>>> print(open('query37.txt').read())   # compact mmCIF, C-alpha atoms and all ligand atoms
# COMPACT_ATOMS: atom_id res chain seq x y z
CA MET A 9 0.00 0.00 0.00
CA GLN A 10 1.39 3.38 -1.03
CA PHE A 11 0.41 6.66 0.60
CA HIS A 12 1.38 9.92 -1.09
CA VAL A 13 0.75 13.31 0.52
CA ILE A 14 0.90 16.73 -1.14
CA THR A 15 1.42 19.56 1.36
CA ILE A 16 3.11 22.92 1.97
CA PHE A 17 4.09 21.62 5.46
CA PRO A 18 6.06 18.41 4.82
CA GLU A 19 7.74 18.84 8.24
CA MET A 20 4.45 17.84 9.93
CA PHE A 21 4.78 14.22 8.76
CA PRO A 22 8.09 12.51 9.74
CA SER A 23 7.43 12.25 13.49
CA PRO A 24 3.94 10.64 13.40
CA LEU A 25 5.04 8.36 10.53
CA SER A 26 8.15 7.15 12.36
CA ALA A 27 6.50 5.80 15.51
CA SER A 28 4.82 2.54 16.45
CA LEU A 29 2.84 0.47 13.94
CA LEU A 30 3.38 2.75 10.93
CA LYS A 31 7.13 2.71 11.46
CA LYS A 32 7.19 -1.10 11.66
CA ALA A 33 4.94 -1.46 8.61
CA GLN A 34 7.24 0.78 6.55
CA ASP A 35 10.34 -1.09 7.76
CA LYS A 36 8.69 -4.39 6.73
CA GLY A 37 7.90 -2.90 3.30
CA ILE A 38 4.13 -3.43 3.66
CA VAL A 39 3.39 0.31 3.61
CA SER A 40 5.20 3.29 2.09
CA CYS A 41 4.52 6.96 2.80
CA THR A 42 5.92 9.67 0.53
CA VAL A 43 5.47 13.34 1.37
CA HIS A 44 5.67 15.81 -1.53
CA ASN A 45 6.32 19.53 -1.04
CA LEU A 46 3.71 21.43 -3.07
CA ARG A 47 6.20 24.31 -3.57
CA ASP A 48 8.38 21.96 -5.65
CA TYR A 49 5.59 22.04 -8.28
CA THR A 50 5.46 25.83 -8.64
CA THR A 51 7.08 27.54 -11.64
CA ASP A 52 7.11 31.22 -10.58
CA LYS A 53 10.09 32.81 -8.83
CA HIS A 54 8.20 33.29 -5.53
CA HIS A 55 6.96 29.65 -5.41
CA ALA A 56 3.44 30.95 -4.80
CA VAL A 57 0.85 28.34 -3.80
CA ASP A 58 -1.94 30.80 -2.91
CA ASP A 59 -3.51 34.02 -4.17
CA ALA A 60 -6.33 36.45 -3.34
CA PRO A 61 -9.92 35.32 -4.06
CA TYR A 62 -11.73 36.60 -7.18
CA GLY A 63 -14.72 38.64 -6.04
CA GLY A 64 -12.86 39.80 -2.95
CA GLY A 65 -13.15 38.64 0.66
CA GLN A 66 -11.04 37.39 3.55
CA GLY A 67 -7.91 35.29 3.24
CA MET A 68 -6.21 33.45 0.41
CA VAL A 69 -7.13 30.60 -1.94
CA MET A 70 -4.86 27.70 -3.04
CA LYS A 71 -3.84 28.16 -6.68
CA PRO A 72 -4.88 25.31 -9.00
CA GLU A 73 -1.70 24.91 -11.14
CA PRO A 74 0.76 23.61 -8.50
CA ILE A 75 -1.81 21.12 -7.12
CA VAL A 76 -2.78 19.73 -10.53
CA THR A 77 0.88 19.57 -11.68
CA ALA A 78 1.80 17.70 -8.46
CA LEU A 79 -1.13 15.26 -8.89
CA GLU A 80 -0.27 14.57 -12.54
CA THR A 81 3.46 14.15 -11.86
CA ILE A 82 3.00 11.84 -8.85
CA CYS A 83 0.18 9.76 -10.43
CA GLN A 84 2.17 9.17 -13.65
CA SER A 85 4.30 6.52 -11.94
CA LEU A 86 1.44 4.82 -10.03
CA THR A 87 -1.02 2.12 -11.13
CA ASN A 88 -4.63 2.95 -10.26
CA PRO A 89 -3.93 5.89 -7.92
CA TRP A 90 -6.97 7.15 -5.93
CA ARG A 91 -6.82 10.94 -5.53
CA ILE A 92 -8.29 12.31 -2.29
CA LEU A 93 -8.93 15.90 -1.19
CA LEU A 94 -9.20 16.41 2.58
CA CYS A 95 -11.77 19.14 3.26
CA PRO A 96 -14.70 19.94 5.59
CA GLN A 97 -17.14 19.51 2.65
CA GLY A 98 -16.06 15.91 1.98
CA THR A 99 -17.85 12.59 2.62
CA PRO A 100 -17.54 11.72 6.33
CA LEU A 101 -14.79 9.18 7.07
CA THR A 102 -16.27 6.07 8.71
CA GLN A 103 -14.81 2.60 9.32
CA THR A 104 -16.75 1.38 6.26
CA LYS A 105 -15.09 4.12 4.17
CA VAL A 106 -11.68 3.27 5.68
CA ALA A 107 -12.14 -0.38 4.61
CA GLU A 108 -13.04 0.79 1.07
CA LEU A 109 -9.90 2.96 0.90
CA ALA A 110 -7.73 0.02 2.02
CA ARG A 111 -8.62 -1.81 -1.23
CA HIS A 112 -6.79 0.79 -3.37
CA PRO A 113 -3.10 0.11 -4.14
CA SER A 114 -2.18 3.79 -3.72
CA LEU A 115 -3.84 6.82 -2.14
CA VAL A 116 -2.72 10.33 -3.14
CA MET A 117 -3.91 12.94 -0.66
CA VAL A 118 -4.03 16.70 -1.20
CA CYS A 119 -3.72 18.82 1.97
CA GLY A 120 -5.01 22.38 1.79
CA ARG A 121 -4.31 25.47 3.84
CA TYR A 122 -5.73 29.01 3.88
CA GLU A 123 -9.44 29.49 3.12
CA GLY A 124 -9.64 26.60 0.63
CA PHE A 125 -8.98 25.53 -2.94
CA ASP A 126 -9.67 26.99 -6.35
CA GLU A 127 -12.81 25.09 -7.42
CA ARG A 128 -11.15 24.03 -10.70
CA ILE A 129 -8.98 21.36 -9.00
CA ARG A 130 -12.12 19.26 -8.35
CA PRO A 131 -12.15 17.41 -11.75
CA PHE A 132 -8.66 16.08 -10.87
CA ILE A 133 -9.88 14.55 -7.58
CA ASP A 134 -11.61 11.15 -7.20
CA GLU A 135 -13.05 11.65 -3.71
CA GLU A 136 -13.38 14.42 -1.11
CA LEU A 137 -13.16 13.26 2.52
CA SER A 138 -13.83 14.92 5.89
CA ILE A 139 -12.54 13.39 9.15
CA GLY A 140 -15.26 15.13 11.18
CA ASP A 141 -17.48 18.16 11.62
CA TYR A 142 -14.93 20.58 13.03
CA ILE A 143 -12.55 22.96 11.28
CA LEU A 144 -8.83 22.20 11.10
CA SER A 145 -6.14 24.70 10.03
CA GLY A 146 -5.33 22.45 7.07
CA GLY A 147 -5.61 18.93 5.69
CA GLU A 148 -2.33 17.56 7.13
CA MET A 149 -3.71 16.11 10.37
CA ALA A 150 -6.65 14.67 8.43
CA ALA A 151 -4.25 12.93 6.01
CA LEU A 152 -2.38 11.41 8.99
CA VAL A 153 -5.68 10.13 10.38
CA VAL A 154 -6.51 8.49 7.03
CA ILE A 155 -3.03 6.89 6.83
CA ASP A 156 -3.28 5.51 10.37
CA ALA A 157 -6.81 4.13 10.02
CA VAL A 158 -6.21 2.60 6.55
CA ALA A 159 -2.75 1.15 7.29
CA ARG A 160 -4.02 -0.93 10.24
CA LEU A 161 -6.34 -2.81 7.86
CA ILE A 162 -3.45 -3.89 5.62
CA PRO A 163 -2.56 -7.51 6.48
CA GLY A 164 0.65 -7.66 8.55
CA VAL A 165 0.50 -4.07 9.89
CA VAL A 166 -1.25 -4.97 13.16
CA GLY A 167 0.33 -8.04 14.78
CA ASN A 168 -2.94 -9.67 15.74
CA GLN A 169 -5.42 -9.29 12.85
CA GLU A 170 -8.20 -10.77 15.04
CA SER A 171 -7.93 -7.76 17.36
CA VAL A 172 -8.54 -5.47 14.35
CA GLU A 173 -11.69 -7.39 13.47
CA GLU A 174 -12.95 -7.37 17.07
CA GLU A 175 -12.58 -3.63 17.56
CA SER A 176 -15.20 -0.92 17.94
CA PHE A 177 -17.29 -0.16 14.87
CA SER A 178 -16.26 -3.27 12.97
CA HIS A 179 -19.33 -4.98 14.39
CA GLY A 180 -21.18 -1.68 14.61
CA LEU A 181 -21.00 -1.61 18.42
CA LEU A 182 -18.65 0.01 20.96
CA GLU A 183 -16.09 -2.17 22.73
CA TYR A 184 -16.88 -3.93 26.00
CA PRO A 185 -15.02 -2.90 29.20
CA GLN A 186 -11.55 -4.38 29.69
CA TYR A 187 -9.69 -5.23 32.92
CA THR A 188 -6.19 -6.38 33.80
CA ARG A 189 -4.35 -6.98 37.11
CA PRO A 190 -4.81 -6.21 39.98
CA GLU A 191 -8.08 -7.98 40.84
CA GLU A 192 -8.97 -5.04 43.09
CA PHE A 193 -7.94 -1.40 42.46
CA ARG A 194 -8.95 1.42 44.85
CA GLY A 195 -11.92 -0.61 46.04
CA MET A 196 -13.10 -1.51 42.51
CA ARG A 197 -13.20 -5.24 41.75
CA VAL A 198 -12.91 -6.94 38.37
CA PRO A 199 -16.39 -8.30 37.44
CA GLU A 200 -16.70 -11.84 38.82
CA VAL A 201 -17.71 -13.35 35.45
CA LEU A 202 -14.25 -12.50 33.99
CA LEU A 203 -12.56 -14.57 36.73
CA SER A 204 -14.98 -17.51 36.28
CA GLY A 205 -13.17 -19.23 33.41
CA ASN A 206 -16.58 -19.85 31.78
CA HIS A 207 -15.90 -18.65 28.23
CA ALA A 208 -19.47 -18.92 26.96
CA LYS A 209 -20.63 -16.77 29.88
CA ILE A 210 -17.78 -14.26 29.32
CA THR A 211 -18.66 -13.91 25.63
CA SER A 212 -22.33 -13.26 26.35
CA TRP A 213 -21.48 -10.76 29.16
CA ARG A 214 -19.20 -8.87 26.76
CA GLN A 215 -21.88 -8.78 24.03
CA GLN A 216 -24.42 -7.44 26.51
CA GLN A 217 -21.95 -4.79 27.79
CA SER A 218 -21.18 -3.68 24.20
CA LEU A 219 -24.87 -3.27 23.44
CA GLN A 220 -25.57 -1.42 26.70
CA ARG A 221 -22.63 0.95 26.14
CA THR A 222 -23.69 1.66 22.57
CA ARG A 223 -27.28 2.39 23.68
CA GLU A 224 -26.05 4.81 26.35
CA ARG A 225 -23.24 6.56 24.50
CA ARG A 226 -23.81 6.16 20.76
CA PRO A 227 -27.45 5.27 20.01
CA ASP A 228 -26.82 6.70 16.51
CA LEU A 229 -24.71 3.59 15.77
CA LEU A 230 -27.65 1.24 16.39
CA GLY A 231 -30.16 0.34 13.68
CA GLU A 232 -33.35 2.40 13.22
CA SER A 233 -35.50 0.05 15.31
CA GLU A 234 -32.91 -0.09 18.12
CA ALA A 235 -32.53 3.70 18.08
CA ARG A 236 -36.33 4.15 18.40
CA LEU A 237 -36.33 1.72 21.33
CA VAL A 238 -33.56 3.66 23.09
CA ASN A 239 -35.23 7.03 22.54
CA ASP A 240 -38.61 5.68 23.64
CA LEU A 241 -40.32 6.50 20.32
CA PRO A 242 -43.20 4.53 18.70
C1 LIG B 301 -8.01 24.68 3.76
C2 LIG B 301 -8.27 22.65 4.94
C3 LIG B 301 -8.34 21.30 4.68
C4 LIG B 301 -8.95 23.18 6.01
C5 LIG B 301 -10.61 20.15 7.40
C6 LIG B 301 -10.99 18.84 7.19
C7 LIG B 301 -11.85 18.52 8.23
N1 LIG B 301 -12.52 17.37 8.48
N2 LIG B 301 -11.97 19.59 8.99
N3 LIG B 301 -11.22 20.57 8.50
C8 LIG B 301 -9.77 20.99 6.57
C9 LIG B 301 -9.07 20.48 5.49
C10 LIG B 301 -9.71 22.35 6.85
O1 LIG B 301 -7.53 23.42 4.09
>>> encode(input="query37.txt", output="structure tokens", more="lines below")
Ligand code: 6SD
Amino acid sequence: MQFHVITIFPEMFPSPLSASLLKKAQDKGIVSCTVHNLRDYTTDKHHAVDDAPYGGGQGMVMKPEPIVTALETICQSLTNPWRILLCPQGTPLTQTKVAELARHPSLVMVCGRYEGFDERIRPFIDEELSIGDYILSGGEMAALVVIDAVARLIPGVVGNQESVEEESFSHGLLEYPQYTRPEEFRGMRVPEVLLSGNHAKITSWRQQQSLQRTRERRPDLLGESEARLVNDLP
């Protein structure tokens, strides 16, 4: 799996990409991350990547030429690249979407800054994605989120693939509560069922805890009928 990032802040990437699972995956050759400096694709003497908006108004807009030149240059040497624009107007990123992205051999992500992009880059983009309904200063952190979430679905990146499949959202429910030693901490005991050794009972307790947690904290994740039940509607 190849990740390519186009940004005016390439210095934001090395540290998060060189820790933990992503570091190991790159060392093993399962994943590669290449960060491209957008200014390298400018042709004017000031290396301008932004300009004032037509029609007037606050702030600056990302110029289309450097972005499209970068996309074309990078994609030339890739087979079936999938071009992504990170922006607040994009499709919300969900675990289902993450799993879809993991099927592409290479993802090329464009990170914006300033007030946004010249609209004319949109025909050169395959998909616009948002990591959530809040405003970031740019697309860089969003690109890192996409890389992290997608990489862990690539076989061999996470040591125990079963743990990936068991996690929150994969089954549409939140995770059940976990405990480790000691058996008692500050007066709080580990639930007796987990010490029982009865695996059928443990499995059913965990399922029930997952469902209860999801009802309380994220009823939106439950199906329509479940959600109506939780909200006491007809
Ligand atoms: C102008 C950007 C790019 C500004 C963003 C993405 C999400 N989910 N929130 N904010 C964002 C992306 C903001 O460049």
>>> residues_near_ligand(input="query37.txt", ligand="ligand LIG 301 (chain B)", cutoff="10 Å", atoms="only C-alpha atoms and all ligand atoms", output="MDAnalysis selection string")
chainID A and resid 68:70 93:101 118:125 136:151
>>> closest_residue(input="query37.txt", among="A:Ala33, A:Val39, A:Leu181, A:Ala27", to="Gly231 (chain A)", atoms="only C-alpha atoms")
A:Leu181
>>> closest_residue(input="query37.txt", among="A:Tyr187, A:Gln215, A:Ser28, A:Asn168", to="Glu200 (chain A)", atoms="only C-alpha atoms")
A:Tyr187
>>> axis_aligned_box(input="query37.txt", around="region 86-100 of chain A", padding_each_side="4 Å", output="lines of an AutoDock Vina configuration file")
center_x = -8.2
center_y = 11.0
center_z = -2.4
size_x = 27.3
size_y = 25.8
size_z = 25.5
>>> atom_distance(input="query37.txt", atom1="CA of Ile92 (chain A)", atom2="CA of Glu135 (chain A)")
5.0 Å
>>> atom_distance(input="query37.txt", atom1="CA of Gln84 (chain A)", atom2="CA of Ser23 (chain A)")
27.8 Å
